[in-house]
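Presented below is the structure to which this report refers.
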Amino acid sequence: MKRILLLLVLATQTCFAGARHFTFLYEAPTAAPGSFEWENYATSLFRNSQFTGLDFRHELEIGVTPHFQASIYFANWSYDNKERAAHYDSTSVEGIYNFTNPAADPIGISLYQEIGGGRRNFESETKLIAQKNFGPLILLYNFTVEAGWKGEGLRERTGELQQALGASYEINPRVSFGVEMLHEIVLPDWRSDDADTNFFIGPNVSYRGDRWFATVTALKQLTNTADEPDYQVRLIVGVPL
Amino acid sequence: MKNHILLAVAALLVASCATSNLPSLSPDLVARGRADHSSAEQLASGRELFVTRCLECHTLPSVTKYTREEWSRLVREMAGRANLTAGEEQSVVAYLRAAASDTSPSP
């Protein structure tokens, strides 16, 4: 049994599931089959020039087949700076299926599905990912539909439609710079007459080391929605297992 | 303004169809691969692996950017991170060597 475990560790120790050029958008390529990667997300939130809190996610990403990857988000949790307290939010699973390749085909298309739940919430997130690579330039588009149920008996409903655009340019295989834009339509109780529209934009930078990668994005809100952060900075660090 | 946007979209669509830096398996490329002791199946597999596995970490460089010997070294260096088996690594090298800038096989 120990030998089998040792062989499994040796077989996977150099595998890398893939590095990310963006933090708020997902890319079309999926992880290599048999690869494992640990990704940590940290998002700092600022409102009225004050630090208000942090959101965290811890993801195990697994390449299952040449075109399918699965992930487990063990804990999605947040730290509220006003209350000086941390709150567990949910745990979720995700699958991404890649249909076409962004470099070899006219456009790269993937479909993403995530479902998650916590003590009093349940969420579903479906995403269409479209990507095209022009040499070192990556152009990316995500269209996302989110539905959530929360509260006593999961009676409170929330929904969101999101479009996101991104561009990233690799100055060499290790370093890239880019921009990310988010356009969100938040639908409380799934009703369009109470909808809030939010728009965020900001730069990103990514570095890919031999055994890790790190990508950071800083977004500024261009709309005036009081419930949303004025600024948010997201860092994702990934290491192969 | 509307015409400019339409033109930009049309240009993007035309450009998106161009995959000139990813040569397909033309008779010439297969002949160069055979001269380097690689089969057509190996070259096809190598091309598929190149456009999927390498893309997971970085964009794809033009196949003519490096020489045959440089490609052999580069793929060897990155094979672990791309989770390539020894056979898959050979296929990727075979395709890139056949498509590389210095197309005549080594003696």
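The chains in the structure tokens are called A, B, ... from first to last as shown; in each chain the residues are counted from 1, and the ligands are counted from 1 in the order shown.
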
Within 10 Å of chain B, which residues belong to chain A? Use only C-alpha atoms and report them as a compact mmCIF listing (two decimals) with all heavy atoms, in the first residue's frame.
# COMPACT_ATOMS: atom_id res chain seq x y z
N ALA A 11 4.25 10.07 -9.36
CA ALA A 11 3.63 10.28 -10.68
C ALA A 11 3.05 11.65 -10.82
O ALA A 11 2.90 12.18 -11.92
CB ALA A 11 2.56 9.22 -10.90
N THR A 12 2.67 12.27 -9.70
CA THR A 12 1.98 13.56 -9.81
C THR A 12 2.84 14.73 -9.36
O THR A 12 2.42 15.87 -9.45
CB THR A 12 0.70 13.56 -8.95
OG1 THR A 12 1.07 13.29 -7.60
CG2 THR A 12 -0.30 12.55 -9.43
N GLN A 13 4.07 14.47 -8.90
CA GLN A 13 4.78 15.55 -8.24
C GLN A 13 5.21 16.67 -9.20
O GLN A 13 5.44 17.78 -8.75
CB GLN A 13 5.99 15.02 -7.48
CG GLN A 13 7.11 14.51 -8.37
CD GLN A 13 8.31 14.13 -7.54
OE1 GLN A 13 8.33 14.32 -6.35
NE2 GLN A 13 9.32 13.59 -8.19
N THR A 14 5.32 16.40 -10.49
CA THR A 14 5.75 17.46 -11.38
C THR A 14 4.62 17.99 -12.25
O THR A 14 4.84 18.79 -13.13
CB THR A 14 6.88 16.97 -12.31
OG1 THR A 14 6.41 15.82 -13.00
CG2 THR A 14 8.14 16.65 -11.54
N CYS A 15 3.39 17.52 -12.03
CA CYS A 15 2.29 17.93 -12.90
C CYS A 15 1.79 19.31 -12.51
O CYS A 15 1.69 19.63 -11.34
CB CYS A 15 1.14 16.95 -12.77
SG CYS A 15 1.65 15.27 -13.06
N PHE A 16 1.42 20.09 -13.50
CA PHE A 16 0.92 21.43 -13.26
C PHE A 16 -0.39 21.56 -14.01
O PHE A 16 -0.45 21.34 -15.20
CB PHE A 16 1.94 22.43 -13.78
CG PHE A 16 1.85 23.78 -13.14
CD1 PHE A 16 1.57 23.91 -11.80
CD2 PHE A 16 2.10 24.91 -13.88
CE1 PHE A 16 1.51 25.15 -11.20
CE2 PHE A 16 2.05 26.17 -13.29
CZ PHE A 16 1.75 26.28 -11.95
N ALA A 17 -1.46 21.89 -13.28
CA ALA A 17 -2.77 21.90 -13.92
C ALA A 17 -2.96 23.09 -14.85
O ALA A 17 -3.80 23.07 -15.71
CB ALA A 17 -3.85 21.89 -12.85
N GLY A 18 -2.17 24.12 -14.69
CA GLY A 18 -2.32 25.26 -15.58
C GLY A 18 -2.25 26.56 -14.82
O GLY A 18 -2.71 26.66 -13.69
N ALA A 19 -1.67 27.57 -15.47
CA ALA A 19 -1.52 28.87 -14.82
C ALA A 19 -2.58 29.81 -15.35
O ALA A 19 -3.01 29.71 -16.50
CB ALA A 19 -0.13 29.42 -15.11
N ARG A 20 -2.98 30.76 -14.50
CA ARG A 20 -4.05 31.68 -14.88
C ARG A 20 -3.50 33.05 -15.23
O ARG A 20 -2.64 33.58 -14.55
CB ARG A 20 -5.06 31.79 -13.74
CG ARG A 20 -5.78 30.47 -13.50
CD ARG A 20 -6.80 30.59 -12.42
NE ARG A 20 -7.78 31.62 -12.73
CZ ARG A 20 -8.98 31.68 -12.21
NH1 ARG A 20 -9.36 30.76 -11.36
NH2 ARG A 20 -9.81 32.65 -12.51
N HIS A 21 -4.04 33.64 -16.31
CA HIS A 21 -3.68 35.00 -16.71
C HIS A 21 -4.64 36.03 -16.13
O HIS A 21 -4.39 37.22 -16.21
CB HIS A 21 -3.70 35.13 -18.23
CG HIS A 21 -2.70 34.26 -18.94
ND1 HIS A 21 -2.88 32.91 -19.10
CD2 HIS A 21 -1.51 34.55 -19.51
CE1 HIS A 21 -1.84 32.41 -19.76
NE2 HIS A 21 -1.00 33.38 -20.02
N GLU A 27 -10.50 30.95 -18.11
CA GLU A 27 -9.98 30.72 -19.46
C GLU A 27 -10.50 29.38 -20.00
O GLU A 27 -10.88 28.50 -19.23
CB GLU A 27 -8.46 30.74 -19.43
CG GLU A 27 -7.92 32.13 -19.14
CD GLU A 27 -6.46 32.15 -18.70
OE1 GLU A 27 -5.59 31.81 -19.51
OE2 GLU A 27 -6.21 32.49 -17.54
N ALA A 28 -10.48 29.25 -21.33
CA ALA A 28 -11.08 28.08 -21.98
C ALA A 28 -10.27 26.79 -21.82
O ALA A 28 -10.86 25.72 -21.65
CB ALA A 28 -11.32 28.37 -23.46
N PRO A 29 -8.92 26.82 -21.87
CA PRO A 29 -8.19 25.55 -21.76
C PRO A 29 -8.41 24.88 -20.41
O PRO A 29 -8.52 25.56 -19.38
CB PRO A 29 -6.72 25.96 -21.92
CG PRO A 29 -6.76 27.26 -22.64
CD PRO A 29 -8.01 27.94 -22.15
N THR A 30 -8.47 23.55 -20.42
CA THR A 30 -8.65 22.80 -19.17
C THR A 30 -7.32 22.13 -18.79
O THR A 30 -6.40 22.04 -19.59
CB THR A 30 -9.75 21.74 -19.33
OG1 THR A 30 -9.53 21.02 -20.54
CG2 THR A 30 -11.12 22.40 -19.37
N ALA A 31 -7.28 21.65 -17.55
CA ALA A 31 -6.04 21.09 -17.00
C ALA A 31 -5.70 19.75 -17.67
O ALA A 31 -6.58 19.02 -18.11
CB ALA A 31 -6.20 20.89 -15.51
N ALA A 32 -4.41 19.45 -17.69
CA ALA A 32 -3.94 18.18 -18.28
C ALA A 32 -4.49 17.01 -17.47
O ALA A 32 -4.55 17.09 -16.24
CB ALA A 32 -2.42 18.14 -18.27
N PRO A 33 -4.88 15.92 -18.15
CA PRO A 33 -5.40 14.77 -17.39
C PRO A 33 -4.34 14.24 -16.42
O PRO A 33 -3.17 14.12 -16.78
CB PRO A 33 -5.73 13.74 -18.49
CG PRO A 33 -5.06 14.22 -19.72
CD PRO A 33 -4.88 15.69 -19.59
N GLY A 34 -4.77 13.96 -15.21
CA GLY A 34 -3.85 13.44 -14.20
C GLY A 34 -3.13 14.50 -13.40
O GLY A 34 -2.34 14.18 -12.53
N SER A 35 -3.41 15.78 -13.69
CA SER A 35 -2.72 16.85 -12.95
C SER A 35 -3.56 17.31 -11.77
O SER A 35 -4.79 17.25 -11.80
CB SER A 35 -2.42 18.02 -13.89
OG SER A 35 -3.62 18.57 -14.38
N PRO A 66 -8.65 14.83 -21.32
CA PRO A 66 -8.03 15.93 -22.07
C PRO A 66 -8.93 17.16 -22.23
O PRO A 66 -8.45 18.25 -22.52
CB PRO A 66 -7.73 15.28 -23.44
CG PRO A 66 -7.56 13.85 -23.14
CD PRO A 66 -8.53 13.54 -22.04
N HIS A 67 -10.24 17.02 -22.03
CA HIS A 67 -11.14 18.17 -22.21
C HIS A 67 -12.02 18.46 -21.00
O HIS A 67 -12.96 19.26 -21.11
CB HIS A 67 -12.03 17.94 -23.45
CG HIS A 67 -11.25 17.92 -24.73
ND1 HIS A 67 -10.79 19.05 -25.34
CD2 HIS A 67 -10.81 16.88 -25.48
CE1 HIS A 67 -10.12 18.72 -26.43
NE2 HIS A 67 -10.11 17.41 -26.54
N THR A 100 -13.64 23.60 -27.87
CA THR A 100 -12.73 23.95 -28.96
C THR A 100 -11.54 24.73 -28.41
O THR A 100 -11.60 25.30 -27.32
CB THR A 100 -13.44 24.81 -30.03
OG1 THR A 100 -14.05 25.92 -29.39
CG2 THR A 100 -14.47 24.02 -30.81
N ASN A 101 -10.47 24.73 -29.19
CA ASN A 101 -9.19 25.27 -28.73
C ASN A 101 -9.00 26.73 -29.18
O ASN A 101 -9.19 27.04 -30.36
CB ASN A 101 -8.07 24.39 -29.30
CG ASN A 101 -6.71 24.77 -28.78
OD1 ASN A 101 -6.16 25.79 -29.17
ND2 ASN A 101 -6.19 23.97 -27.88
N PRO A 102 -8.60 27.62 -28.27
CA PRO A 102 -8.48 29.05 -28.63
C PRO A 102 -7.31 29.37 -29.55
O PRO A 102 -7.26 30.47 -30.12
CB PRO A 102 -8.30 29.74 -27.28
CG PRO A 102 -7.82 28.70 -26.36
CD PRO A 102 -8.36 27.39 -26.85
N ALA A 103 -6.37 28.46 -29.70
CA ALA A 103 -5.24 28.72 -30.60
C ALA A 103 -5.41 28.02 -31.95
O ALA A 103 -5.08 28.57 -32.99
CB ALA A 103 -3.94 28.26 -29.95
N ALA A 104 -5.93 26.80 -31.93
CA ALA A 104 -6.01 26.01 -33.16
C ALA A 104 -7.34 26.19 -33.89
O ALA A 104 -7.40 26.01 -35.11
CB ALA A 104 -5.81 24.53 -32.83
N ASP A 105 -8.40 26.51 -33.16
CA ASP A 105 -9.72 26.66 -33.77
C ASP A 105 -10.07 28.15 -33.89
O ASP A 105 -9.44 28.98 -33.22
CB ASP A 105 -10.78 25.95 -32.92
CG ASP A 105 -10.53 24.45 -32.85
OD1 ASP A 105 -10.28 23.85 -33.91
OD2 ASP A 105 -10.55 23.89 -31.74
N PRO A 106 -11.07 28.51 -34.70
CA PRO A 106 -11.43 29.93 -34.84
C PRO A 106 -11.75 30.58 -33.50
O PRO A 106 -11.46 31.75 -33.29
CB PRO A 106 -12.64 29.90 -35.76
CG PRO A 106 -12.43 28.67 -36.59
CD PRO A 106 -11.79 27.68 -35.68
N ILE A 107 -12.34 29.83 -32.58
CA ILE A 107 -12.58 30.37 -31.23
C ILE A 107 -12.59 29.20 -30.24
O ILE A 107 -13.04 28.10 -30.58
CB ILE A 107 -13.90 31.19 -31.19
CG1 ILE A 107 -13.98 31.99 -29.90
CG2 ILE A 107 -15.12 30.32 -31.36
CD1 ILE A 107 -14.96 33.14 -29.96
N LYS A 132 -9.98 33.70 -27.57
CA LYS A 132 -9.19 33.62 -28.80
C LYS A 132 -7.77 34.11 -28.52
O LYS A 132 -7.59 35.17 -27.91
CB LYS A 132 -9.82 34.47 -29.92
CG LYS A 132 -9.08 34.35 -31.24
CD LYS A 132 -9.06 32.93 -31.76
CE LYS A 132 -8.06 32.74 -32.89
NZ LYS A 132 -7.89 31.32 -33.25
N ASN A 133 -6.81 33.33 -28.94
CA ASN A 133 -5.40 33.73 -28.79
C ASN A 133 -4.87 34.19 -30.14
O ASN A 133 -5.03 33.51 -31.15
CB ASN A 133 -4.56 32.54 -28.32
CG ASN A 133 -4.85 32.15 -26.89
OD1 ASN A 133 -5.88 32.53 -26.33
ND2 ASN A 133 -3.96 31.39 -26.30
N PHE A 134 -4.24 35.38 -30.11
CA PHE A 134 -3.53 35.88 -31.30
C PHE A 134 -2.06 35.98 -30.92
O PHE A 134 -1.64 37.00 -30.36
CB PHE A 134 -4.05 37.26 -31.71
CG PHE A 134 -5.50 37.29 -32.08
CD1 PHE A 134 -6.46 37.68 -31.17
CD2 PHE A 134 -5.92 36.90 -33.35
CE1 PHE A 134 -7.80 37.71 -31.50
CE2 PHE A 134 -7.26 36.92 -33.69
CZ PHE A 134 -8.20 37.32 -32.77
N GLY A 135 -1.31 34.93 -31.16
CA GLY A 135 0.09 34.92 -30.71
C GLY A 135 0.13 35.12 -29.21
O GLY A 135 -0.51 34.38 -28.45
N PRO A 136 0.83 36.16 -28.72
CA PRO A 136 0.94 36.35 -27.27
C PRO A 136 -0.26 37.07 -26.65
O PRO A 136 -0.28 37.30 -25.44
CB PRO A 136 2.20 37.22 -27.14
CG PRO A 136 2.28 37.96 -28.43
CD PRO A 136 1.68 37.09 -29.49
N LEU A 137 -1.25 37.45 -27.45
CA LEU A 137 -2.42 38.18 -26.95
C LEU A 137 -3.59 37.22 -26.71
O LEU A 137 -3.95 36.44 -27.60
CB LEU A 137 -2.83 39.26 -27.95
CG LEU A 137 -4.09 40.05 -27.62
CD1 LEU A 137 -3.90 40.92 -26.37
CD2 LEU A 137 -4.52 40.92 -28.81
N ILE A 138 -4.18 37.30 -25.52
CA ILE A 138 -5.37 36.49 -25.19
C ILE A 138 -6.56 37.43 -25.06
O ILE A 138 -6.50 38.40 -24.29
CB ILE A 138 -5.18 35.75 -23.85
CG1 ILE A 138 -3.98 34.80 -23.91
CG2 ILE A 138 -6.43 34.96 -23.49
CD1 ILE A 138 -3.61 34.21 -22.55
N TYR A 169 -1.59 40.22 -22.38
CA TYR A 169 -0.48 40.13 -23.34
C TYR A 169 0.74 39.56 -22.62
O TYR A 169 1.17 40.08 -21.60
CB TYR A 169 -0.16 41.52 -23.89
CG TYR A 169 0.85 41.47 -25.02
CD1 TYR A 169 0.44 41.24 -26.33
CD2 TYR A 169 2.21 41.62 -24.77
CE1 TYR A 169 1.35 41.17 -27.36
CE2 TYR A 169 3.14 41.55 -25.81
CZ TYR A 169 2.69 41.32 -27.10
OH TYR A 169 3.60 41.24 -28.12
N GLU A 170 1.28 38.47 -23.18
CA GLU A 170 2.48 37.85 -22.59
C GLU A 170 3.72 38.52 -23.15
O GLU A 170 3.99 38.42 -24.35
CB GLU A 170 2.54 36.36 -22.95
CG GLU A 170 1.71 35.49 -22.06
CD GLU A 170 1.87 34.01 -22.37
OE1 GLU A 170 2.73 33.64 -23.20
OE2 GLU A 170 1.11 33.23 -21.79
N ASN A 172 6.63 37.65 -22.10
CA ASN A 172 7.43 36.42 -22.27
C ASN A 172 6.62 35.29 -21.64
O ASN A 172 5.58 35.54 -21.03
CB ASN A 172 8.84 36.58 -21.67
CG ASN A 172 8.83 36.79 -20.18
OD1 ASN A 172 8.13 36.10 -19.45
ND2 ASN A 172 9.59 37.78 -19.71
N PRO A 173 7.05 34.02 -21.77
CA PRO A 173 6.20 32.93 -21.25
C PRO A 173 5.93 33.01 -19.75
O PRO A 173 4.99 32.40 -19.25
CB PRO A 173 7.00 31.67 -21.59
CG PRO A 173 7.82 32.05 -22.78
CD PRO A 173 8.19 33.49 -22.54
N ARG A 174 6.71 33.80 -19.01
CA ARG A 174 6.51 33.88 -17.56
C ARG A 174 5.64 35.06 -17.11
O ARG A 174 4.98 34.98 -16.08
CB ARG A 174 7.86 33.99 -16.85
CG ARG A 174 8.68 32.71 -16.89
CD ARG A 174 9.83 32.80 -15.91
NE ARG A 174 10.72 31.67 -16.00
CZ ARG A 174 10.52 30.51 -15.36
NH1 ARG A 174 9.45 30.35 -14.63
NH2 ARG A 174 11.37 29.52 -15.49
N VAL A 175 5.65 36.15 -17.87
CA VAL A 175 5.02 37.39 -17.40
C VAL A 175 3.96 37.87 -18.40
O VAL A 175 4.22 37.91 -19.60
CB VAL A 175 6.07 38.50 -17.19
CG1 VAL A 175 5.41 39.78 -16.67
CG2 VAL A 175 7.17 38.05 -16.24
N SER A 176 2.81 38.25 -17.86
CA SER A 176 1.78 38.85 -18.72
C SER A 176 1.09 40.00 -17.99
O SER A 176 1.02 40.01 -16.76
CB SER A 176 0.76 37.80 -19.16
OG SER A 176 0.16 37.19 -18.05
N ARG A 208 4.46 33.36 -13.90
CA ARG A 208 4.47 31.91 -13.87
C ARG A 208 5.89 31.41 -13.57
O ARG A 208 6.80 31.58 -14.38
CB ARG A 208 3.99 31.35 -15.23
CG ARG A 208 2.53 31.63 -15.48
CD ARG A 208 2.12 31.45 -16.92
NE ARG A 208 2.61 32.51 -17.78
CZ ARG A 208 2.10 33.73 -17.86
NH1 ARG A 208 1.06 34.06 -17.13
NH2 ARG A 208 2.60 34.64 -18.68
N ASP A 210 8.55 28.20 -12.02
CA ASP A 210 8.72 26.79 -12.39
C ASP A 210 7.71 25.89 -11.69
O ASP A 210 7.25 24.91 -12.25
CB ASP A 210 10.14 26.33 -12.04
CG ASP A 210 11.15 26.88 -13.03
OD1 ASP A 210 10.74 27.23 -14.16
OD2 ASP A 210 12.34 27.00 -12.67
N ARG A 211 7.39 26.20 -10.43
CA ARG A 211 6.52 25.32 -9.66
C ARG A 211 5.35 26.09 -9.03
O ARG A 211 4.76 25.63 -8.07
CB ARG A 211 7.32 24.64 -8.55
CG ARG A 211 8.50 23.82 -9.03
CD ARG A 211 8.14 22.38 -9.27
NE ARG A 211 7.56 21.78 -8.08
CZ ARG A 211 6.67 20.81 -8.09
NH1 ARG A 211 6.21 20.35 -9.23
NH2 ARG A 211 6.21 20.30 -6.98
N PHE A 213 2.40 29.76 -9.73
CA PHE A 213 2.06 30.98 -10.46
C PHE A 213 1.31 31.92 -9.51
O PHE A 213 0.74 31.48 -8.49
CB PHE A 213 1.21 30.69 -11.71
CG PHE A 213 -0.23 30.42 -11.42
CD1 PHE A 213 -1.15 31.46 -11.30
CD2 PHE A 213 -0.69 29.12 -11.25
CE1 PHE A 213 -2.49 31.22 -11.01
CE2 PHE A 213 -2.02 28.87 -10.96
CZ PHE A 213 -2.91 29.91 -10.84
N PRO A 240 1.42 23.20 -8.01
CA PRO A 240 1.07 21.81 -8.36
C PRO A 240 1.24 20.90 -7.15
O PRO A 240 2.08 21.18 -6.29
CB PRO A 240 2.07 21.47 -9.46
CG PRO A 240 3.24 22.34 -9.19
CD PRO A 240 2.71 23.60 -8.56

- Task: Can you list, as a PyMOL selection string, all residues belonging to region 94-237 of chain A that DSSP tags as strand (DSSP E or B)?
- Result: chain A and resi 94-98+108-117+121-134+137-150+156-172+175-188+196-208+213-221+231-237

Please provide as an mmCIF file with N, CA, C and O atoms, in the first residue's frame all residues within 6 Å of Lys220 (chain A), with the sequence filter that same-chain residues fewer than 3 positions apart are discarded (counting only C-alpha atoms).
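Printed below is around-v4.cif as written:
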data_model
loop_
_atom_site.group_PDB
_atom_site.id
_atom_site.type_symbol
_atom_site.label_atom_id
_atom_site.label_comp_id
_atom_site.auth_asym_id
_atom_site.auth_seq_id
_atom_site.Cartn_x
_atom_site.Cartn_y
_atom_site.Cartn_z
ATOM 1 N N PHE A 200 -17.174 47.198 -13.291
ATOM 2 C CA PHE A 200 -15.839 47.244 -12.696
ATOM 3 C C PHE A 200 -14.800 47.127 -13.809
ATOM 4 O O PHE A 200 -15.003 46.391 -14.783
ATOM 5 N N ILE A 201 -13.662 47.774 -13.628
ATOM 6 C CA ILE A 201 -12.571 47.644 -14.602
ATOM 7 C C ILE A 201 -11.230 47.810 -13.883
ATOM 8 O O ILE A 201 -11.153 48.558 -12.881
ATOM 9 N N ASP A 230 -15.964 49.662 -3.650
ATOM 10 C CA ASP A 230 -15.438 50.664 -4.586
ATOM 11 C C ASP A 230 -14.204 50.117 -5.304
ATOM 12 O O ASP A 230 -13.982 50.384 -6.476
ATOM 13 N N TYR A 231 -13.404 49.389 -4.530
ATOM 14 C CA TYR A 231 -12.192 48.765 -5.080
ATOM 15 C C TYR A 231 -12.137 47.331 -4.574
ATOM 16 O O TYR A 231 -12.547 47.045 -3.447
#

- Go ahead and compute the interatomic distance for CA of Ile115 (chain A) and CA of Arg84 (chain A), in Å to one decimal.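 A separation of 28.6 Å between them.
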
- Item | Test item: residues at most 12 Å from region 40-56 of chain A, only C-alpha atoms, excluding those fewer than 6 positions along its chain, as number ranges by chain | A: 20, 22-24, 72-91, 212-221, 224-240

- Task: Determine, counting only C-alpha atoms, which protein, DNA and RNA residues have an atom within 8 Å of an atom of Ser39 (chain B); residues of the same chain fewer than 5 positions away are not included. Present the result as an NGL selection string.
- Result: :B and (30 or 33-34)

For the selection just defined, write its residues with all heavy atoms to a file, as a CSV table (one decimal), in the first residue's frame.
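Written output follows (result-v2.csv):
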chain,number,residue,atom,x,y,z
B,30,VAL,N,4.8,16.2,-43.3
B,30,VAL,CA,4.9,14.8,-43.0
B,30,VAL,C,6.2,14.2,-43.6
B,30,VAL,O,6.9,13.4,-42.9
B,30,VAL,CB,3.7,14.1,-43.6
B,30,VAL,CG1,3.8,12.6,-43.5
B,30,VAL,CG2,2.4,14.5,-42.9
B,33,GLY,N,8.9,15.1,-41.3
B,33,GLY,CA,8.9,14.3,-40.1
B,33,GLY,C,9.4,12.9,-40.4
B,33,GLY,O,10.1,12.3,-39.6
B,34,ARG,N,9.0,12.3,-41.6
B,34,ARG,CA,9.5,10.9,-41.9
B,34,ARG,C,11.0,10.9,-42.0
B,34,ARG,O,11.6,9.9,-41.6
B,34,ARG,CB,8.8,10.5,-43.2
B,34,ARG,CG,7.4,10.2,-43.0
B,34,ARG,CD,6.9,9.0,-43.9
B,34,ARG,NE,5.6,8.6,-43.6
B,34,ARG,CZ,4.5,8.8,-44.3
B,34,ARG,NH1,4.6,9.4,-45.4
B,34,ARG,NH2,3.3,8.4,-43.9

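Among the candidates A:Ile171, A:Leu140, A:Leu161, A:Met181, the residue lying nearest to Thr126 (chain A) is A:Leu161 (atoms considered: only C-alpha atoms).
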
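Across the structure, CA of Leu154 (chain A) and CA of Arg119 (chain A) are spaced 10.0 Å apart.
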
- Ala98 (chain B): which residues within 9 Å, counting only C-alpha atoms, same-chain residues fewer than 5 positions away excluded, as a list of chain:residue names?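 Selected residues are B:Leu29, B:Val30, B:Ala31, B:Arg32, B:Gly33, B:Arg34, B:Ala35, B:Asp36, B:Ser38, B:Leu43, B:Arg68, B:Val93, B:Thr103, B:Ser104, B:Pro105.
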
- Message: What's the separation between CA of Phe143 (chain A) and CA of Leu128 (chain A), in Å to one decimal place?
- Response: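 Here the two named atoms are 5.2 Å from each other.
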